[in-house]
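Below is one structure, written out as structure tokens, with a few remarks after it.
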Amino acid sequence: MCARRFRPEILAAALGLAALSARAEEVIYGPDGAPTVVQRKLHTMTGRMEVGAAFDISMNTALVDQFGALVTATYHPNEWLDFGPEVVFHRTRLSTLARNVRVDLRARTSIPPRDEFANDNQLRFAGFLAARLAPIYGKFNLASELSVHFQAFLLAGAGVGAVHRESINLCQDPGTDVCNADRYQASDAVKGIGEVGGGFRFYFGQHWSLRTEVRAYLFPSSYKTGNDLTQPSSGNAHSYLAGIVTIAFGLSLLF
Amino acid sequence: MRTLFTLLMFVPLAAPAQQVPAVGVPDPDVQRIHVLEKRPFTEAGRWELSFFGATQVNPKFTSHTGVSVELAYHLRENLAAQLGVSYFPLAVQSALSEELLTKANEAPETAEAFLLRGNAVAGLELMPVYGKLNIFDGKILRLGFYLNAGLGVAKTRLQLRQSTDPIGRTFGDTGFRPMAALGAGFRIFLTDRFTVRLELRDFVYSGYVSRVNGCNAADVINIEASPGTATGLSPGCDQNAFDQGNHLPGKTAADRISLNASGARDLLKSPSADVINNIAFQGGVSWLF
């Protein structure tokens with residue numbers, strides 16, 4: 001009869017293998033089945049302030065050229081959100097196309113009635129309170145060794161701005177002559193403005209990052225329809241939602 | 001010997017206790033390491049079928065919105081050959097073009113108002129940059145940045161009447177043009193089979209126009225004067241192709257032909273040539289198989 005004997009080496013081997021397998025279970029597998037390396041973000045944002053400056057230029061205003069500077073100062077309460085004030089300054093003027101249209105305008109007549117051109121808004125200055133939501137953080141490799149970390153964000157804000165309008169085709173003087181270049185109808189107004197946009201941040205290090213973003217400034221505007229070109233006071237205002245889309249490139253300092 | 005073996009087997013149990021220092025900032029002892037991770041899947045040797053929605057992002061005088069389909073074969077991990085076709089059901093003059101005409105009797109040069117109806121392009125795609133992203137610190141997705149270039153043909157047309165015209169928008173066929181396409185974008189791998197693609201593509205083509213519906217400037221003057229019955233037209237000129245637009249009471253086919261021929265006359269009277277850059281934003285999904 002063969003008696004059962006306690007074999008400590010077998011118990012040790014079993015425990016050792018169990019320990020090895022327990023460590024193997026610690027590997028985290030990604031959604032694609034590959035082992036995923038869980039890393040903290042190289043560039044954390046929580047509790048940091050950010051100051052940024054960017055050059056921006058409008059993309060959708062064929063009748064107006066506008067470009068300028070965008071300055072932002074925001075606070076990041078967590079990794080995904082930051083908010084704070086923004087100001088934008090634009091140098092604006094009528095585009096070559098708009099000036100060519102003016103040059104080709106004929107002598108004014110009462111009939112037929114003409115509509116004023118729309119989308120001639122010049123956004124010269126604006127201040128906003130804006131928030132950015134940055135749900136996506138990632139990295140890519142340039143030339144194998146150079147790793148670039150980035151963030152993708154959406155933004156929205158509201159504020160007020162100074163909007164200048166200079167009519168392309170309505171003269172401020174009554175008469176039938178061709179209008180002089182400096183005598184077209186013009187106005188200035190302070191308007192409530194909303195902004196929406198999105199963009200990317202590319203980190204250069206813990207403090208500096210390059211930002212590029214597209215944003216749309218939305219505000220109420222109007223143009224006049226049914227104008228008697230010889231009478232500046234004629235015509236009926238037609239309201240619409242104006243949108244100026246800009247693209248901006250700039251630097252941010254995080255501290 | 002047995003004792004030594006027993007001790008060795010207990011070593012792995014003790015090992016986990018020795019490691020651990022928590023990784024992360026602001027730990028001053030944190031060490032940066034290079035992790036070499038093999039890509040979990042490869043595109044090499046696989047086909048990819050993509051569907052896009054596309055819209056023009058530089059719509060000064062023209063406006064285009066449409067769809068495209070692309071079939072690609074990934075020759076290598078970062079190189080693919082591709083064949084794509086696009087169709088723009090909405091290919092019209094922009095609101096600004098119509099404003100210029102109705103408010104200032106101005107029109108863009110014919111070349112600038114050239115409309116792209118569709119195209120077929122064959123080319124290559126290079127994806128030199130590969131990366132990863134996560135969303136709200138959760139799901140990790142892979143992405144690649146790519147550039148592509150191709151050559152092909154474009155089907156073009158011109159708008160003859162404005163949307164405010166009683167007979168509505170009408171168009172004249174201006175035939176095929178050689179085309180080049182340059183693009184840049186990124187591909188986000190949702191799984192090893194499905195991706196989301198976002199890209200900007202510049203469709204470049206010649207805007208030179210000398211014929212509309214096969215008819216030259218002399219032909220359209222002739223057609224305008226004798227709509228539907230003009231004779232002595234140049235070979236390939238189809239005067240009945242000008243019979244387009246709303247069928248209004250009291251307007252005959254000859255009236256419509258005359259109106260559209262008049263529009264073509266305005267476009268052909270001062271020849272212009274340009275290289276058109278139609279920049280489209282394309283967003284879509286693809287299936288790798």
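Here's how to read the names in the structure tokens: chain A, B, ... by the order shown, residue numbers from 1 in each chain, ligand numbers from 1 in the order shown.
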Exercise for the section: Write out as number ranges by chain each polymer residue whose atoms come within 10 Å of Phe51 (chain B), counting only C-alpha atoms; drop sequence neighbours fewer than 6 positions from it. Expected result: B: 67-71, 84, 86, 196-197, 282-287
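The shell of residues at most 9 Å from region 215-217 of chain A, with only C-alpha atoms counted and near chain neighbours (fewer than 2 positions) removed, consists of A:Leu123, A:Leu155, A:Ala156, A:Ile193, A:Gly194, A:Glu195, A:Val196, A:Gly197, A:Gly198, A:Gly199, A:Glu213, A:Phe219, A:Ala242, A:Gly243, A:Ile244, A:Val245, A:Thr246, A:Ile247, A:Ala248.
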Dump as an mmCIF file, in the first residue's frame, selection limited to N, CA and C atoms:
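See selection-v1.cif below for the written result:
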```cif
data_model
loop_
_atom_site.group_PDB
_atom_site.id
_atom_site.type_symbol
_atom_site.label_atom_id
_atom_site.label_comp_id
_atom_site.auth_asym_id
_atom_site.auth_seq_id
_atom_site.Cartn_x
_atom_site.Cartn_y
_atom_site.Cartn_z
ATOM 1 N N LEU A 123 -15.515 92.785 -38.138
ATOM 2 C CA LEU A 123 -15.386 92.595 -36.688
ATOM 3 C C LEU A 123 -14.033 93.150 -36.257
ATOM 4 N N LEU A 155 -14.602 74.533 -28.515
ATOM 5 C CA LEU A 155 -14.729 75.732 -27.696
ATOM 6 C C LEU A 155 -16.042 76.444 -27.990
ATOM 7 N N ALA A 156 -16.496 77.187 -27.015
ATOM 8 C CA ALA A 156 -17.693 78.008 -27.184
ATOM 9 C C ALA A 156 -17.595 79.180 -26.220
ATOM 10 N N ILE A 193 -22.081 88.781 -29.304
ATOM 11 C CA ILE A 193 -21.477 87.844 -30.255
ATOM 12 C C ILE A 193 -21.279 86.491 -29.572
ATOM 13 N N GLY A 194 -21.616 85.452 -30.282
ATOM 14 C CA GLY A 194 -21.322 84.102 -29.807
ATOM 15 C C GLY A 194 -20.196 83.518 -30.626
ATOM 16 N N GLU A 195 -19.478 82.584 -30.053
ATOM 17 C CA GLU A 195 -18.407 81.943 -30.823
ATOM 18 C C GLU A 195 -18.417 80.443 -30.563
ATOM 19 N N VAL A 196 -18.127 79.689 -31.614
ATOM 20 C CA VAL A 196 -17.959 78.240 -31.499
ATOM 21 C C VAL A 196 -16.752 77.865 -32.341
ATOM 22 N N GLY A 197 -16.117 76.782 -31.982
ATOM 23 C CA GLY A 197 -14.950 76.388 -32.765
ATOM 24 C C GLY A 197 -14.345 75.095 -32.274
ATOM 25 N N GLY A 198 -13.202 74.798 -32.822
ATOM 26 C CA GLY A 198 -12.474 73.587 -32.436
ATOM 27 C C GLY A 198 -11.045 73.684 -32.924
ATOM 28 N N GLY A 199 -10.188 72.868 -32.341
ATOM 29 C CA GLY A 199 -8.789 72.937 -32.771
ATOM 30 C C GLY A 199 -7.918 71.912 -32.099
ATOM 31 N N GLU A 213 -6.568 76.564 -34.441
ATOM 32 C CA GLU A 213 -8.007 76.375 -34.263
ATOM 33 C C GLU A 213 -8.811 77.134 -35.309
ATOM 34 N N PHE A 219 -23.231 86.608 -35.007
ATOM 35 C CA PHE A 219 -23.919 87.769 -34.435
ATOM 36 C C PHE A 219 -25.017 88.233 -35.399
ATOM 37 N N ALA A 242 -25.092 86.696 -39.068
ATOM 38 C CA ALA A 242 -23.803 86.773 -39.760
ATOM 39 C C ALA A 242 -22.810 85.819 -39.107
ATOM 40 N N GLY A 243 -21.951 85.260 -39.911
ATOM 41 C CA GLY A 243 -20.919 84.358 -39.393
ATOM 42 C C GLY A 243 -19.575 84.675 -40.018
ATOM 43 N N ILE A 244 -18.595 84.915 -39.177
ATOM 44 C CA ILE A 244 -17.232 85.138 -39.665
ATOM 45 C C ILE A 244 -16.383 83.980 -39.160
ATOM 46 N N VAL A 245 -15.859 83.216 -40.088
ATOM 47 C CA VAL A 245 -15.050 82.045 -39.728
ATOM 48 C C VAL A 245 -13.582 82.409 -39.855
ATOM 49 N N THR A 246 -12.829 82.150 -38.798
ATOM 50 C CA THR A 246 -11.397 82.463 -38.826
ATOM 51 C C THR A 246 -10.579 81.217 -38.521
ATOM 52 N N ILE A 247 -9.351 81.243 -38.976
ATOM 53 C CA ILE A 247 -8.393 80.214 -38.594
ATOM 54 C C ILE A 247 -7.268 80.915 -37.839
ATOM 55 N N ALA A 248 -6.831 80.303 -36.748
ATOM 56 C CA ALA A 248 -5.828 80.948 -35.900
ATOM 57 C C ALA A 248 -4.666 80.001 -35.621
#
```
Can you pull out every residue within 10 Å of Ser270 (chain B), counting only C-alpha atoms, but drop anything in the same chain fewer than 5 positions away, and send it as a PDB file with N, CA and C atoms, in the first residue's frame?
```pdb
ATOM      1  N   GLU B 109     -15.306  85.791 -63.577  1.00  0.00           N
ATOM      2  CA  GLU B 109     -14.847  85.278 -64.872  1.00  0.00           C
ATOM      3  C   GLU B 109     -15.307  83.837 -65.031  1.00  0.00           C
ATOM      4  N   THR B 110     -15.515  83.462 -66.286  1.00  0.00           N
ATOM      5  CA  THR B 110     -16.045  82.125 -66.544  1.00  0.00           C
ATOM      6  C   THR B 110     -15.201  81.050 -65.883  1.00  0.00           C
ATOM      7  N   VAL B 209     -12.464  77.552 -70.758  1.00  0.00           N
ATOM      8  CA  VAL B 209     -13.753  77.224 -71.387  1.00  0.00           C
ATOM      9  C   VAL B 209     -13.813  77.826 -72.780  1.00  0.00           C
ATOM     10  N   SER B 210     -14.088  76.995 -73.770  1.00  0.00           N
ATOM     11  CA  SER B 210     -14.284  77.526 -75.116  1.00  0.00           C
ATOM     12  C   SER B 210     -15.593  77.028 -75.717  1.00  0.00           C
ATOM     13  N   ALA B 217     -18.591  80.173 -79.228  1.00  0.00           N
ATOM     14  CA  ALA B 217     -19.248  81.475 -79.071  1.00  0.00           C
ATOM     15  C   ALA B 217     -20.122  81.816 -80.283  1.00  0.00           C
ATOM     16  N   ARG B 265     -23.672  82.672 -74.102  1.00  0.00           N
ATOM     17  CA  ARG B 265     -22.989  83.725 -74.867  1.00  0.00           C
ATOM     18  C   ARG B 265     -22.212  84.656 -73.931  1.00  0.00           C
TER      19      ARG B 265
END
```
Practice task
Grab the CA of Ala62 (chain A) to CA of Ala149 (chain B) distance for me, in Å with one decimal place.
Solution key: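 CA of Ala149 (chain B) lies at a distance of 28.7 Å from CA of Ala62 (chain A).
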Practice task
For CA of Thr102 (chain B) and CA of Ile168 (chain A), quote the distance in Å rounded to one decimal.
Solution key: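 Interatomic distance, CA of Thr102 (chain B) to CA of Ile168 (chain A): 13.5 Å.
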Running DSSP on the backbone, which parts of region 7-253 of chain A land in alpha helix (DSSP H), as a compact mmCIF listing (two decimals) with N, CA and C atoms, in the first residue's frame?
```txt
# COMPACT_ATOMS: atom_id res chain seq x y z
N PRO A 8 6.34 19.22 -0.06
CA PRO A 8 6.38 20.70 -0.02
C PRO A 8 6.85 21.33 -1.32
N GLU A 9 7.74 20.66 -2.08
CA GLU A 9 8.23 21.27 -3.32
C GLU A 9 7.12 21.40 -4.36
N ILE A 10 6.19 20.42 -4.28
CA ILE A 10 5.08 20.50 -5.23
C ILE A 10 4.16 21.68 -4.87
N LEU A 11 3.93 21.84 -3.58
CA LEU A 11 3.11 22.97 -3.13
C LEU A 11 3.78 24.29 -3.51
N ALA A 12 5.12 24.35 -3.30
CA ALA A 12 5.84 25.58 -3.64
C ALA A 12 5.76 25.86 -5.14
N ALA A 13 5.91 24.81 -5.94
CA ALA A 13 5.84 25.00 -7.40
C ALA A 13 4.46 25.52 -7.81
N ALA A 14 3.43 24.92 -7.19
CA ALA A 14 2.07 25.35 -7.53
C ALA A 14 1.84 26.80 -7.16
N LEU A 15 2.30 27.16 -5.96
CA LEU A 15 2.13 28.55 -5.53
C LEU A 15 2.93 29.50 -6.42
N GLY A 16 4.15 29.05 -6.75
CA GLY A 16 4.99 29.90 -7.61
C GLY A 16 4.35 30.12 -8.96
N LEU A 17 3.83 29.07 -9.55
CA LEU A 17 3.17 29.21 -10.85
C LEU A 17 1.92 30.09 -10.72
N ALA A 18 1.23 29.92 -9.59
CA ALA A 18 0.04 30.75 -9.38
C ALA A 18 0.43 32.23 -9.32
N ALA A 19 1.56 32.47 -8.64
CA ALA A 19 2.02 33.85 -8.54
C ALA A 19 2.39 34.39 -9.92
N LEU A 20 3.08 33.56 -10.70
CA LEU A 20 3.46 34.01 -12.06
C LEU A 20 2.22 34.31 -12.89
N SER A 21 1.23 33.40 -12.77
CA SER A 21 0.04 33.62 -13.58
C SER A 21 -0.72 34.84 -13.08
N ALA A 22 -0.67 35.08 -11.77
CA ALA A 22 -1.34 36.27 -11.25
C ALA A 22 -0.71 37.53 -11.81
N ARG A 23 0.60 37.50 -11.96
CA ARG A 23 1.26 38.69 -12.55
C ARG A 23 0.89 38.83 -14.01
N ALA A 24 0.76 37.68 -14.69
CA ALA A 24 0.38 37.76 -16.10
C ALA A 24 -1.00 38.38 -16.25
N GLU A 25 -1.87 38.15 -15.28
CA GLU A 25 -3.21 38.71 -15.40
C GLU A 25 -3.22 40.22 -15.25
N THR A 96 -10.28 93.42 -52.22
CA THR A 96 -10.08 93.87 -53.61
C THR A 96 -11.34 93.64 -54.43
N LEU A 97 -12.00 92.52 -54.18
CA LEU A 97 -13.24 92.22 -54.91
C LEU A 97 -14.28 93.31 -54.64
N ALA A 98 -14.45 93.68 -53.38
CA ALA A 98 -15.45 94.70 -53.04
C ALA A 98 -15.09 96.04 -53.68
N ARG A 99 -13.81 96.37 -53.67
CA ARG A 99 -13.41 97.66 -54.27
C ARG A 99 -13.60 97.63 -55.79
N ASN A 100 -13.37 96.46 -56.39
CA ASN A 100 -13.60 96.34 -57.84
C ASN A 100 -15.09 96.49 -58.17
N VAL A 101 -15.93 95.92 -57.30
CA VAL A 101 -17.37 96.06 -57.52
C VAL A 101 -17.76 97.53 -57.49
N ARG A 102 -17.21 98.26 -56.52
CA ARG A 102 -17.52 99.69 -56.42
C ARG A 102 -17.08 100.45 -57.67
N VAL A 103 -15.88 100.13 -58.14
CA VAL A 103 -15.34 100.84 -59.32
C VAL A 103 -16.25 100.64 -60.52
N ASP A 104 -16.85 99.43 -60.61
CA ASP A 104 -17.67 99.11 -61.78
C ASP A 104 -19.13 99.53 -61.63
```
Exercise for the section: DSSP on the backbone, then: every residue of region 117-162 of chain A marked strand (DSSP E), written as number ranges by chain. Expected result: A: 121-142, 146-162
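Among the candidate residues B:Leu49, B:Leu83, B:Met127, B:Ala111, the one lying nearest to chain A is B:Met127, with distances computed using only C-alpha atoms.
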Practice task
Determine, counting only C-alpha atoms, which protein, DNA and RNA residues have an atom within 6 Å of an atom of Asp228 (chain A); residues of the same chain fewer than 5 positions away are not included. Present the result as a list in words.
Solution key: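 My list of contacting residues is Ser110, Pro113 and Ser234 of chain A.
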Extract, using only C-alpha atoms, all DNA, RNA and protein residues at most 6 Å from Phe281 (chain B), discarding same-chain residues fewer than 2 positions from it, and format them as a PDB file with C-alpha atoms, in the first residue's frame.
```
ATOM      1  CA  ALA B  54     -17.612  66.172 -49.006  1.00  0.00           C
ATOM      2  CA  THR B  55     -18.134  69.899 -49.047  1.00  0.00           C
ATOM      3  CA  GLU B 199      -9.245  64.941 -44.717  1.00  0.00           C
ATOM      4  CA  LEU B 200      -8.809  68.038 -46.809  1.00  0.00           C
TER       5      LEU B 200
END
```
Exercise for the section: Might you pull out every residue within 10 Å of Glu79 (chain A), with only C-alpha atoms counted and same-chain residues fewer than 3 positions away left off, and present them as a list in words? Expected result: Lys41, His43, Thr44, Met45, Thr46, Gly47, Arg48, His76, Asp82, Leu133, Ala134, Pro135 and Tyr137 of chain A; Phe136 and Asp137 of chain B
